[in-house]
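The data block below is coords-v6.txt; it holds compact mmCIF, C-alpha atoms.
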# COMPACT_ATOMS: atom_id res chain seq x y z
CA MET A 1 13.01 8.79 5.08
CA PRO A 2 13.14 6.72 1.87
CA PRO A 3 10.12 6.83 -0.43
CA THR A 4 7.67 4.07 0.39
CA PHE A 5 6.34 1.57 -2.10
CA LYS A 6 2.89 3.11 -1.73
CA GLU A 7 4.29 6.55 -2.54
CA LEU A 8 6.14 5.21 -5.57
CA LEU A 9 3.00 3.45 -6.81
CA ALA A 10 0.96 6.63 -6.31
CA ALA A 11 3.53 8.45 -8.44
CA ASP A 12 2.97 5.86 -11.20
CA GLU A 13 6.59 4.71 -11.06
CA VAL A 14 7.97 1.31 -12.01
CA ILE A 15 9.66 -0.19 -8.96
CA PRO A 16 12.43 -2.71 -9.70
CA VAL A 17 13.12 -4.78 -6.59
CA PHE A 18 15.22 -7.76 -5.54
CA SER A 19 14.54 -10.46 -2.99
CA VAL A 20 16.59 -12.05 -0.21
CA ALA A 21 15.90 -15.44 1.36
CA ARG A 22 18.98 -17.54 2.18
CA MET A 23 21.56 -14.90 3.10
CA ALA A 24 19.70 -12.09 4.80
CA HIS A 25 22.73 -9.98 5.65
CA PRO A 26 23.02 -6.16 5.54
CA ILE A 27 26.03 -6.36 3.22
CA VAL A 28 23.90 -8.20 0.64
CA ILE A 29 21.30 -5.42 0.79
CA GLU A 30 23.97 -2.73 0.54
CA MET A 31 25.63 -4.39 -2.46
CA PHE A 32 22.35 -4.36 -4.39
CA ALA A 33 21.88 -0.74 -3.36
CA LEU A 34 25.34 0.26 -4.56
CA ALA A 35 24.69 -1.43 -7.91
CA GLY A 36 22.00 1.21 -8.51
CA GLY A 37 18.57 1.09 -10.12
CA TYR A 38 16.74 -0.90 -7.48
CA ARG A 39 14.06 0.86 -5.43
CA GLY A 40 13.69 -1.69 -2.65
CA PHE A 41 13.48 -5.37 -1.84
CA TRP A 42 11.50 -8.08 -0.11
CA LEU A 43 12.49 -10.72 2.40
CA ASP A 44 11.29 -14.24 1.69
CA GLN A 45 10.16 -15.63 5.02
CA GLU A 46 8.07 -18.25 3.23
CA HIS A 47 11.13 -20.14 1.98
CA GLY A 48 13.93 -18.54 3.96
CA ALA A 49 12.57 -18.99 7.50
CA MET A 50 14.45 -15.96 8.82
CA VAL A 51 14.18 -14.94 12.45
CA GLN A 52 12.99 -11.65 13.89
CA GLU A 53 16.50 -10.33 14.48
CA GLN A 54 17.28 -10.69 10.77
CA ILE A 55 14.19 -8.65 9.87
CA VAL A 56 15.24 -5.93 12.32
CA THR A 57 18.73 -5.87 10.77
CA ALA A 58 17.29 -5.78 7.26
CA ALA A 59 15.10 -2.83 8.29
CA LEU A 60 18.15 -0.91 9.48
CA ALA A 61 19.99 -1.70 6.23
CA ALA A 62 16.94 -0.64 4.21
CA ARG A 63 16.71 2.74 5.87
CA ALA A 64 20.47 3.29 5.55
CA ASN A 65 20.24 2.67 1.80
CA GLN A 66 17.00 4.60 1.14
CA PHE A 67 14.97 1.44 0.49
CA ASP A 68 11.50 0.37 1.43
CA PHE A 69 10.93 -3.37 1.87
CA PHE A 70 8.27 -5.90 2.74
CA VAL A 71 8.23 -9.45 4.07
CA ARG A 72 6.66 -12.32 2.13
CA MET A 73 5.21 -14.89 4.48
CA PRO A 74 2.85 -17.86 4.60
CA PRO A 75 -0.51 -16.72 6.00
CA VAL A 76 -0.42 -18.89 9.12
CA GLY A 77 -0.71 -16.36 11.92
CA TYR A 78 -1.41 -12.69 12.58
CA TRP A 79 1.66 -12.43 14.80
CA GLN A 80 4.03 -12.79 11.84
CA VAL A 81 2.41 -9.80 10.19
CA THR A 82 2.54 -7.52 13.21
CA GLN A 83 6.05 -8.62 14.24
CA SER A 84 7.40 -7.80 10.78
CA MET A 85 5.82 -4.37 10.77
CA GLU A 86 6.95 -3.63 14.33
CA ALA A 87 10.47 -4.61 13.27
CA GLY A 88 10.43 -1.87 10.63
CA ALA A 89 9.15 -3.54 7.48
CA GLY A 90 7.15 -1.26 5.22
CA GLY A 91 4.63 -4.00 4.55
CA VAL A 92 3.89 -7.66 4.02
CA MET A 93 2.86 -10.05 1.27
CA GLY A 94 0.70 -13.13 1.77
CA ALA A 95 1.95 -16.22 -0.07
CA GLN A 96 -0.15 -19.24 -1.06
CA ILE A 97 -3.42 -17.35 -0.73
CA GLN A 98 -6.23 -19.70 -1.72
CA SER A 99 -9.30 -17.47 -2.08
CA VAL A 100 -10.72 -14.00 -1.60
CA ASP A 101 -11.78 -14.95 1.93
CA HIS A 102 -8.23 -16.08 2.67
CA ALA A 103 -6.91 -12.77 1.31
CA ARG A 104 -9.48 -10.82 3.34
CA GLN A 105 -8.32 -12.51 6.53
CA PHE A 106 -4.68 -11.75 5.76
CA VAL A 107 -5.50 -8.10 5.08
CA SER A 108 -7.38 -7.88 8.39
CA TRP A 109 -4.15 -8.84 10.20
CA THR A 110 -2.41 -5.80 8.66
CA LYS A 111 -4.89 -3.18 9.86
CA PHE A 112 -5.84 -1.85 13.27
CA ALA A 113 -9.51 -1.61 14.28
CA PRO A 114 -11.93 -0.62 12.94
CA ARG A 115 -10.40 -1.70 9.61
CA GLY A 116 -8.86 -4.93 10.88
CA THR A 117 -7.84 -7.10 13.79
CA ARG A 118 -4.18 -6.24 14.30
CA GLY A 119 -2.80 -6.12 17.85
CA LEU A 120 -1.39 -2.85 19.19
CA VAL A 121 1.83 -2.15 21.10
CA SER A 122 4.06 0.90 21.49
CA THR A 123 7.48 -0.76 21.81
CA GLY A 124 8.25 -1.43 18.13
CA ARG A 125 9.93 0.60 15.39
CA GLU A 126 6.54 1.67 14.04
CA ALA A 127 5.99 3.58 17.30
CA ASP A 128 9.60 4.80 17.39
CA TYR A 129 10.06 2.62 20.46
CA THR A 130 7.36 4.41 22.56
CA HIS A 131 8.13 7.93 21.27
CA ARG A 132 4.89 8.16 19.24
CA SER A 133 1.35 8.10 20.53
CA LEU A 134 -0.75 5.01 19.96
CA ALA A 135 -3.36 7.08 18.11
CA ASP A 136 -0.67 8.26 15.68
CA VAL A 137 0.65 4.72 15.21
CA ILE A 138 -2.81 3.44 14.32
CA GLN A 139 -3.58 6.24 11.87
CA THR A 140 -0.18 6.12 10.17
CA ALA A 141 0.07 2.34 9.94
CA ASN A 142 -3.43 1.91 8.53
CA ARG A 143 -2.65 4.52 5.90
CA GLU A 144 0.97 3.70 5.01
CA ARG A 145 1.68 -0.01 5.46
CA PHE A 146 1.97 -1.82 2.13
CA VAL A 147 -0.05 -5.01 1.56
CA ALA A 148 0.41 -7.42 -1.33
CA ILE A 149 -1.37 -10.66 -2.14
CA GLN A 150 0.40 -13.33 -4.14
CA ILE A 151 -1.49 -14.95 -7.01
CA GLU A 152 0.02 -18.41 -7.37
CA THR A 153 -2.82 -20.85 -6.67
CA LEU A 154 -5.80 -21.80 -8.79
CA GLY A 155 -8.16 -20.47 -6.14
CA ALA A 156 -6.48 -17.07 -6.05
CA LEU A 157 -6.35 -16.95 -9.85
CA ASP A 158 -10.06 -17.79 -10.13
CA GLN A 159 -10.89 -14.98 -7.67
CA ALA A 160 -8.22 -12.48 -8.72
CA ASP A 161 -10.87 -9.90 -9.58
CA GLN A 162 -12.46 -10.11 -6.13
CA ILE A 163 -9.04 -10.01 -4.43
CA ALA A 164 -8.04 -6.92 -6.41
CA ALA A 165 -11.26 -5.26 -5.27
CA LEU A 166 -10.47 -5.70 -1.56
CA ASP A 167 -9.94 -2.56 0.48
CA GLY A 168 -6.43 -2.56 1.87
CA VAL A 169 -4.81 -4.55 -0.95
CA ASP A 170 -2.20 -2.43 -2.71
CA LEU A 171 -0.73 -4.93 -5.15
CA LEU A 172 -1.28 -8.39 -6.61
CA PHE A 173 1.92 -10.33 -7.15
CA VAL A 174 2.33 -13.13 -9.68
CA GLY A 175 4.51 -16.07 -8.66
CA PRO A 176 5.28 -17.65 -12.06
CA ALA A 177 6.97 -20.78 -10.66
CA ASP A 178 4.06 -21.90 -8.48
CA LEU A 179 1.47 -20.62 -10.95
CA SER A 180 3.05 -22.62 -13.78
CA LEU A 181 3.12 -25.63 -11.46
CA VAL A 182 -0.60 -25.56 -10.66
CA LEU A 183 -1.40 -24.90 -14.33
CA GLY A 184 0.43 -28.10 -15.30
CA ILE A 185 3.22 -26.36 -17.24
CA VAL A 186 5.89 -26.13 -14.55
CA GLY A 187 8.85 -23.93 -15.47
CA GLN A 188 7.44 -23.01 -18.90
CA PHE A 189 7.50 -19.28 -18.33
CA HIS A 190 6.55 -18.38 -21.91
CA HIS A 191 3.67 -20.82 -22.27
CA ASP A 192 0.40 -19.33 -23.53
CA LYS A 193 -1.50 -20.86 -20.62
CA LEU A 194 0.64 -19.01 -18.10
CA TRP A 195 0.31 -15.72 -19.93
CA GLU A 196 -3.45 -16.07 -20.19
CA ALA A 197 -3.44 -16.32 -16.39
CA ILE A 198 -1.14 -13.31 -16.02
CA GLU A 199 -3.37 -11.29 -18.32
CA ARG A 200 -6.33 -12.11 -16.05
CA VAL A 201 -4.41 -10.72 -13.08
CA ALA A 202 -3.37 -7.61 -15.00
CA GLU A 203 -6.94 -6.98 -16.13
CA ALA A 204 -8.29 -7.40 -12.58
CA CYS A 205 -5.79 -4.80 -11.37
CA ARG A 206 -6.68 -2.38 -14.16
CA ARG A 207 -10.37 -2.76 -13.37
CA HIS A 208 -9.93 -1.94 -9.70
CA GLY A 209 -7.12 0.60 -9.91
CA LYS A 210 -4.51 -1.63 -8.27
CA ALA A 211 -0.91 -2.36 -9.22
CA TRP A 212 0.63 -5.73 -9.90
CA GLY A 213 4.11 -7.19 -9.76
CA ALA A 214 5.89 -10.44 -10.52
CA VAL A 215 9.09 -12.38 -10.23
CA VAL A 216 10.58 -12.01 -13.72
CA PRO A 217 12.73 -15.05 -14.58
CA ASP A 218 14.26 -13.61 -17.74
CA ALA A 219 14.43 -10.43 -19.82
CA GLU A 220 11.73 -11.46 -22.29
CA PHE A 221 9.34 -12.26 -19.46
CA ALA A 222 10.11 -8.86 -17.92
CA ARG A 223 9.46 -7.07 -21.23
CA ARG A 224 6.15 -8.81 -21.75
CA ALA A 225 5.08 -8.17 -18.16
CA ALA A 226 5.95 -4.48 -18.53
CA ASP A 227 3.77 -4.31 -21.65
CA LEU A 228 0.89 -5.57 -19.51
CA GLY A 229 1.52 -2.92 -16.86
CA CYS A 230 3.71 -4.74 -14.32
CA ARG A 231 4.82 -2.09 -11.82
CA MET A 232 7.00 -4.14 -9.47
CA PRO A 233 9.31 -6.58 -11.28
CA THR A 234 11.48 -8.66 -8.97
CA ILE A 235 14.80 -8.82 -10.79
CA GLY A 236 17.02 -11.36 -9.09
CA ASN A 237 17.89 -12.47 -5.60
CA GLU A 238 21.06 -12.98 -3.61
CA VAL A 239 21.45 -16.66 -4.55
CA LEU A 240 21.05 -15.99 -8.27
CA ALA A 241 23.47 -13.04 -8.06
CA LEU A 242 26.08 -15.19 -6.32
CA ARG A 243 25.65 -18.08 -8.74
CA ARG A 244 25.96 -15.86 -11.81
CA GLY A 245 28.90 -14.06 -10.27
CA ILE A 246 30.69 -17.38 -9.76
CA GLU A 247 29.89 -18.41 -13.34
CA THR A 248 31.29 -15.11 -14.62
CA LEU A 249 34.51 -15.64 -12.68
CA GLN A 250 34.87 -19.19 -13.93
CA LYS A 251 34.31 -18.08 -17.50
CA ALA A 252 36.84 -15.25 -17.20
CA PHE A 253 39.42 -17.64 -15.73
CA SER A 254 38.38 -20.73 -17.68
CA ASN A 255 41.96 -21.89 -18.24
CA HIS A 256 42.34 -22.37 -14.50
CA PHE A 257 39.30 -24.63 -13.99
CA PRO A 258 38.63 -28.22 -15.06
CA PRO A 259 35.53 -28.82 -17.20
CA ALA A 260 32.35 -28.40 -15.16
CA PRO A 261 30.61 -31.67 -14.23
CA ASN A 262 27.29 -32.45 -15.84
CA ARG A 263 24.36 -31.84 -13.52
Mind turning the file's structure into structure tokens?
Amino acid sequence: MPPTFKELLAADEVIPVFSVARMAHPIVIEMFALAGGYRGFWLDQEHGAMVQEQIVTAALAARANQFDFFVRMPPVGYWQVTQSMEAGAGGVMGAQIQSVDHARQFVSWTKFAPRGTRGLVSTGREADYTHRSLADVIQTANRERFVAIQIETLGALDQADQIAALDGVDLLFVGPADLSLVLGIVGQFHHDKLWEAIERVAEACRRHGKAWGAVVPDAEFARRAADLGCRMPTIGNEVLALRRGIETLQKAFSNHFPPAPNR
């Protein structure tokens, strides 16, 4: 079995990951794996709206390439959490969390009683499709499933310390695009106001012994985040990789293309 994100965090490792939203295909996952260096990935169900079958396929591709992965989702229903985990995802991340109470509810969906309110079934990948006992499923899932909370709203930022203190939260995750938007500096990823917010998240994680991660839009952002202890940088996605690959081809064969139109 591939090392899990929780195991890698416990070993104090930095975990470079990528994300997939628009083209959730096993070949995409395998191409990132073959490039080397990445330790896993996350599926963006918040923006990508992928169906259950795609998560199952991604889980198979993850295991084949020695990756762990989690699913980012809007916190609209407990069934999304349990379906993702039963499909084989190593964990989940709640997007657009508004408060510590909102985060606490999301975490409760990820844990079986007495720690949470998750529903139990034996027919998913977590239970090896009925080959494991329910007692073992409960114990293992409560211990091993990875749970992240995204910090990208003013409410979550204001209560980042309380969210980091929650039992069951493994990682806080900074979304710089949405965070810059609510701070009134949209897309200004090197603005002091954004970095003051990121430092608050980093300090909350240090205080409570939790890890934090972020989407890193450029190399300088990644360097600065690493200096503040970022353990899970998200370095690229399939759309960005395809776009930059096309640009590289066009540059290499520039004599064969007309001038690019202004956008």
Judged by all atoms listed in the file, the minimum distance to Trp109 (chain A) among A:Leu171, A:Leu134, A:Val147, A:Ile185 is found for A:Val147
For Ala87 (chain A), find every residue with an atom within 12 Å (counting all atoms listed in the file), except residues of its own chain fewer than 4 positions away, and show them as a PyMOL selection string. chain A and resi 51-60+62+69-71+79-83+91-92+121-129
Pick from A:Ile235, A:Ala64, A:Leu194, A:Ala135 nearest to Phe18 (chain A), counting all atoms listed in the file
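Selected residue with least distance to Phe18 (chain A): A:Ile235.
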Please work out which residues fall within 12 Å of (-3.0, -10.5, 3.5), coordinates as given in the file, with only C-alpha atoms counting, and return them as a PyMOL selection string.
chain A and resi 71-78+80-82+91-111+116-118+145-151+163-164+166-173
Closest of A:Pro26, A:Gly245, A:Gly40, A:Pro16 to Pro3 (chain A), counting all atoms listed in the file, is A:Gly40
Closest of A:Gly90, A:Gly119, A:Gly209, A:Gly155 to Ile138 (chain A), counting only C-alpha atoms, is A:Gly119
Do a neighbour search on Trp195 (chain A) at 10 Å with only C-alpha atoms, toss out local chain neighbours closer than 5 positions, and write the hits as a PyMOL selection string. chain A and resi 176+180+189-190+200-201+221+224-225
From the options A:Asp192, A:Glu238, A:Gly88, A:Leu181, which residue's atoms come nearest to His25 (chain A), counting only C-alpha atoms?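 Of the candidates, the smallest distance to His25 (chain A) is held by A:Glu238.
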What would the list of residues within 7 Å of (25.8, -1.7, -0.7) (file frame) look like as JSON, numbers by chain, if all atoms listed in the file are what count? {"A": [27, 28, 29, 30, 31, 32, 33, 34]}
One decimal, in Å: what's the spacing between CA of Phe112 (chain A) and CA of Asn142 (chain A)?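 Between these atoms lies a distance of 6.5 Å.
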For Met50 (chain A), the closest of A:Asp68, A:Tyr38, A:Val20, A:Gln139 counting all atoms listed in the file is A:Val20
Expressed in Å, the length from CA of Gln66 (chain A) to CA of Met1 (chain A) is 7.0 Å
*Near-Ala222 (chain A) list (12 Å; all atoms listed in the file; drop same-chain fewer than 4 positions) as JSON, numbers by chain*: {"A": [14, 16, 176, 189, 190, 213, 214, 215, 216, 217, 218, 226, 227, 228, 229, 230, 231, 232, 233, 234, 235, 236]}
How big is the axis-aligned box around all listed atoms of region 167-185 of chain A once 6 Å goes on each side, and where's its centre, in Å to one decimal, as JSON?
{"center_x": -1.5, "center_y": -15.3, "center_z": -7.7, "size_x": 28.9, "size_y": 37.7, "size_z": 31.1}
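Computed from the coordinates, the CA of Leu183 (chain A) to CA of Glu199 (chain A) distance equals 14.3 Å.
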**Request:** Name the residues in contact with Ala49 (chain A) at a cut-off of 10 Å, using all atoms listed in the file, excluding same-chain residues fewer than 3 positions from it; report them as a list in words.
**Result:**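 The residues that qualify are Ala21, Arg22, Leu43, Asp44, Gln45, Glu46, Gln52 and Met73 of chain A.
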Selection above as a file: C-alpha atoms, as a tab-separated table (two decimals), in the coordinates of the input:
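Writing the result to selection-v7.tsv gives the following:
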chain	number	residue	atom	x	y	z
A	21	ALA	CA	15.90	-15.44	1.36
A	22	ARG	CA	18.98	-17.54	2.18
A	43	LEU	CA	12.49	-10.72	2.40
A	44	ASP	CA	11.29	-14.24	1.69
A	45	GLN	CA	10.16	-15.63	5.02
A	46	GLU	CA	8.07	-18.25	3.23
A	52	GLN	CA	12.99	-11.65	13.89
A	73	MET	CA	5.21	-14.89	4.48
